[in-house]
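Remarks on the structure that follows.
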Amino acid sequence: MTALTLFFDTISNTDLSKVGGKGANLGELTRAGFNVPSGFCVTTSAFSRFLAAANEDIYLRLANVPGDDLKKLRHVGGAVRAHLESVALPAEVEDAVVSAWSELGKDHAYAVRSSATAEDLPYASFAGQQDSYLNVRGKEALLANVKACFISLFTDRAILYRVQNGFDHRQVALAVVVQRMVQPDVAGILFTADPISGRRDIASINASFGLGEALVSGLVSADLYQVNKQTKQIVKKQIVTKQIAIRSLAEGGTGAVELPKEEREQPALNDEQVLALAKLGSQIEAHYRKPQDIEWALLDDALYVTQSRPITSLYPLPRPGPEDDALHVYFSMSHFQVMTDAMPPLTLSVLRTILPLGHADGQLESKRIQSAGGRLYADLAPLLRHPLGRRMLLRGMSNADQLAANALAEFVKRPEFGSAGEYFNPLSLLPAARPYIFKMLHMLFWGQPEGVAKKSTKLIDDHIATVKTKLETANDIQEKLNLTLLEMQNAFKPILNWAPYLVSGGVATVLLKTLLGKKGDANDLVALGRGLKGNVATEMNLAVGDLADAARTSEVLMAHLNQTDIDAKTKLAEAAVLPGGKSFLQAWHNFISTYGARAPSEIDLSRPRWSEDPSSLLQMIVNATGQSRTGAHRTRYQQLITEGEEAAHNLIEAAYKGWWGWLRGPLINRFIRVSRNLTPLREHHKFLVIRFLALVKTVLLEAGKKLQAEGRLKSYEDIWFLTLPEVLEAFDKPEKKLKALITERQSAFKHYQNLTPPRLITNKGEIPALRLQTNAPKGALVGSPVSAGVVEGIAKVVLEPGAAVLKPGEILVAPFTDPGWTPLFVNAAGLITEVGGLMTHGSVVAREYGIPAVVGVLDATKQIKTGQRVRVHGDAGYIELLTSKDKEMELTSR
């Protein structure tokens, strides 16, 4: 027979389904030997019997309650609670509760707390969603409060929390914790990591006189103490005026008691007690192996633990972490790649394998590139510790991400960063880099830059074809995996063919600005980067426009592609028999053969490519047909070419003026040729990697299907929740179990998707503050200026490019952009992104198109609303909000 009550000392953290999160933690703490006040749990079996006594499936009422209709939610929740209040506790439940209570002692006061099965979990705390009752005395009060706790699973706030966090109402049950009350002198909360800064080496303690529940609920003020867990020293004390304390009343319940004046300014804890609490917290954290949020009570110098749960708000640390104890700082590669969404473990593992740095002997994955919260982070500390490396990195970072560069410049000044720990001298790369430096210098001064971009594209095509042929000739999946691994470890080698030339283009651009000085017009310098030939992203954008033109040739075809009730693949299949369909499909197949590996957020190879799911691409084409005329994209591109060539002519003409124009003129002419012909190579490396990853993905999914056929995966796509070494091991060790590990990682991944990744994080968990310095007016949103000019227009916030329609003259506001977003730039009058730097994708494209852009604007997609009128200052790096959000929404709704 299923137990209706369980004492703490019989419970462990494996009993979540029986006693809920709070009950499981109290049982685990008790069995681990921590000083937990004794108690028992009224189990979820008792809860189920109570619901059965209601003679109604109340979950049917909750099935379709929307999270955005609070009026309906309150109505349904109120009806459910009213019905349950009329239901008596079953007799067998009452008998079990009274029996356990009697065994603990009838004369004691008790705390009666709700404990949901979806509470105090690793990725969702559910804190405060259900009810708790303190200082409960006597049988009748105990039974009444147990029933009240059962009913509290259906409070409005609990229902809303489950809806918003994707929990099925039927999958969440409730238990009740009944625990002997400690009447403390002082109580509070102990965080074993600082919840504000994120530092894992700092314990943060809140303490106040009386019961701790009042502090948790925010009813009383609390002192703050912080302890460095490594040095075991108190590093901060913040003593507040404590006017009241919450204490138990003789008749039951609790009440506020005014503190004597002489106690109000006194510290709640002395130093010895603070250090004892920090030590206790470290012991509990070590038991759970993760930072904890602990409720505690102090009575006569004895410390009691009344609850412990994971701190769910902390961003995960990079793993596996550094090999020394020195301070390290990590930069988000997701921000560098302007794609900040969480990625599954296999994607992260593949990227850590192909990136050509930090590979220790025998390790597939880079130790310098680590994963945290479903994102990649690069360890910058070794480079920052070397003077030359620091100078190079900070200068380069200012082009990639000005916010991160400013924060790093402040971070390296810290005494604790210093010179301790491993460092990397960039000069050690000189011997290996020497031939590429000579290649770069030769192209800068003497080589033929014309046609290099086209030749490099041909190199990519040939390399991809070679790899594809190798994989197709493999005998079985294991051979394919081994071949794929070998190719992954050499994935960046083809880039060395054109990387020196790309550097030549960048150096030429810098030298142009230096040599011209004030001779050249600033507008010409900006226009010089327009209309470049050979950029694979630009060519893709033009090809999208060509597809739109092909669709325009037939009104019947256009009407077919505009249908919303059939999927993209069906539309394409049915287009063949329509007027204009064959020519459109021929152009489509040509496009997919070249660009089918691309997609929005394409760096995550678990995302569907355009060749797999053409929905977003087809929607872009449909949108383009309605927003511009036939050939407009080609006309615009030719206009940009003309602007760039005219700017080049003007700059060369200006260079020949002056007493040393005879020398400067030829140099400027040379550097302009190099810059305009070789700068387009900046997208080639990513084009290569994305096409290569598409081949890798094919092999990995084939491996997943093999494992599914063997019954080792529920779905072949579950392979995304393994790492690359684990995939290889799965075939080497057929007995290895995978499903439980995958389920755990899927839960973690769901949590990671809701996290906002920091640009920078240390190995201690601290997130350095980000600051931009500017003379922006009050109320303006500040970012990094990356494309000159000032433009005013209506904002269009776009989170996914596939379904977006951007009207000519609108300001594109996006979390980030990558090549999958490029078609939207045709109509954009300006660009605002949350992520990016001077040389990231959106910035470069904005300069090519001649539109003002500001990037690195924190929370831009939340602070700006679609329809709001804004002014983008691409020169100064800020955005003015010309109409309020509420006013613009009001105008839009009319």
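Simple scheme: letters A, B, ... for chains in structure tokens order, numbers from 1 for residues in each chain, numbers from 1 for ligands in the order shown.
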
Could you name the residues that touch region 240-249 of chain A at 8 Å or less, counting only C-alpha atoms, but leaving out those on the same chain fewer than 5 positions away, as a list in words?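 The contact residues come out as Leu134, Asn135, Gln183, Ser208, Phe209, Gly210, Leu211, Ala214, Val220, Ser221, Ala222, Asp223, Thr254, Gly255, Ala256, Val257, Glu258, Leu259, Glu263, Arg264 and Glu265 of chain A.
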
Skip Thr817 (chain A) itself and residues of its chain fewer than 6 positions away, then list as number ranges by chain all residues within 8 Å of it, counting only C-alpha atoms. A: 338-339, 833, 841-842

Write out as an mmCIF file with N, CA and C atoms, in the first residue's frame the residues lying within 9 Å of Leu483 (chain A), counting only C-alpha atoms and excluding same-chain residues fewer than 6 positions away.
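Output saved as result_24.cif:
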```
data_model
loop_
_atom_site.group_PDB
_atom_site.id
_atom_site.type_symbol
_atom_site.label_atom_id
_atom_site.label_comp_id
_atom_site.auth_asym_id
_atom_site.auth_seq_id
_atom_site.Cartn_x
_atom_site.Cartn_y
_atom_site.Cartn_z
ATOM 1 N N LYS A 470 34.377 11.733 -50.512
ATOM 2 C CA LYS A 470 34.998 10.852 -49.515
ATOM 3 C C LYS A 470 33.934 10.193 -48.632
ATOM 4 N N LEU A 471 32.993 10.999 -48.148
ATOM 5 C CA LEU A 471 31.972 10.472 -47.254
ATOM 6 C C LEU A 471 31.047 9.498 -47.970
ATOM 7 N N ALA A 474 32.361 5.872 -48.150
ATOM 8 C CA ALA A 474 32.573 5.115 -46.910
ATOM 9 C C ALA A 474 31.668 3.884 -46.891
#
```

Show me, as an MDAnalysis selection string, the residues that have an atom within 8 Å of Gly631 (chain A) when counting only C-alpha atoms, minus same-chain residues fewer than 2 positions from it. chainID A and resid 545:546 549 629 633:635

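Going from CA of Leu430 (chain A) over to CA of Glu410 (chain A), you cover 28.9 Å.
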
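Shortest atom-to-atom contact with Ala814 (chain A) among A:Ser787, A:Gln478, A:Thr756, A:Thr861: A:Thr861, counting only C-alpha atoms.
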
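Taking CA of Lys229 (chain A) and CA of Arg375 (chain A) as the two end points, the separation is 27.7 Å.
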
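Here CA of His328 (chain A) is placed at a distance of 8.6 Å from CA of Gly421 (chain A).
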
Taking only C-alpha atoms into account, name the residue in A:Asp95, A:Asp325, A:Glu848, A:Glu766 that is nearest to Ala420 (chain A). A:Asp325

Within 9 Å of Leu858 (chain A), counting only C-alpha atoms, which residues show up once you throw out same-chain ones fewer than 6 positions away? Write them as a PyMOL selection string, please. chain A and resi 781-783+833-835

Tell me, which residues of region 156-303 of chain A carry DSSP strand (DSSP E), written as an MDAnalysis selection string? chainID A and resid 174:180 186:191 202:209 223:228 233:238 244:248 254:258 292:299 302:303

Best match for closeness to Pro195 (chain A) among A:Gly850, A:Gly252, A:Gly529, A:Pro291, counting only C-alpha atoms: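 Nearest candidate to Pro195 (chain A) out of A:Gly850, A:Gly252, A:Gly529, A:Pro291: A:Pro291.
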
Selection: 12 Å around Asp732 (chain A), only C-alpha atoms, excl. self and same-chain fewer than 4 positions, as an MDAnalysis selection string: chainID A and resid 477:479 481:482 725:728 736

Residues from the last selection, C-alpha atoms, saved as an mmCIF file, in the first residue's frame:
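This is the output file out-v4.cif:
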```cif
data_model
loop_
_atom_site.group_PDB
_atom_site.id
_atom_site.type_symbol
_atom_site.label_atom_id
_atom_site.label_comp_id
_atom_site.auth_asym_id
_atom_site.auth_seq_id
_atom_site.Cartn_x
_atom_site.Cartn_y
_atom_site.Cartn_z
ATOM 1 C CA ILE A 477 28.437 4.741 -40.519
ATOM 2 C CA GLN A 478 31.480 4.157 -38.311
ATOM 3 C CA GLU A 479 33.829 4.717 -41.223
ATOM 4 C CA LEU A 481 32.185 9.117 -38.554
ATOM 5 C CA ASN A 482 35.935 8.510 -38.545
ATOM 6 C CA PRO A 725 33.199 11.932 -28.083
ATOM 7 C CA GLU A 726 30.021 10.328 -26.708
ATOM 8 C CA VAL A 727 28.702 9.639 -30.215
ATOM 9 C CA LEU A 728 31.960 7.935 -31.139
ATOM 10 C CA LYS A 736 26.502 2.120 -23.196
#
```

Close residues, region 329-337 of chain A itself excluded, 8 Å, only C-alpha atoms, min 6 positions apart in chain, as an NGL selection string: :A and (318 or 375-381 or 400-401 or 404 or 603 or 757-763 or 835-836 or 840)
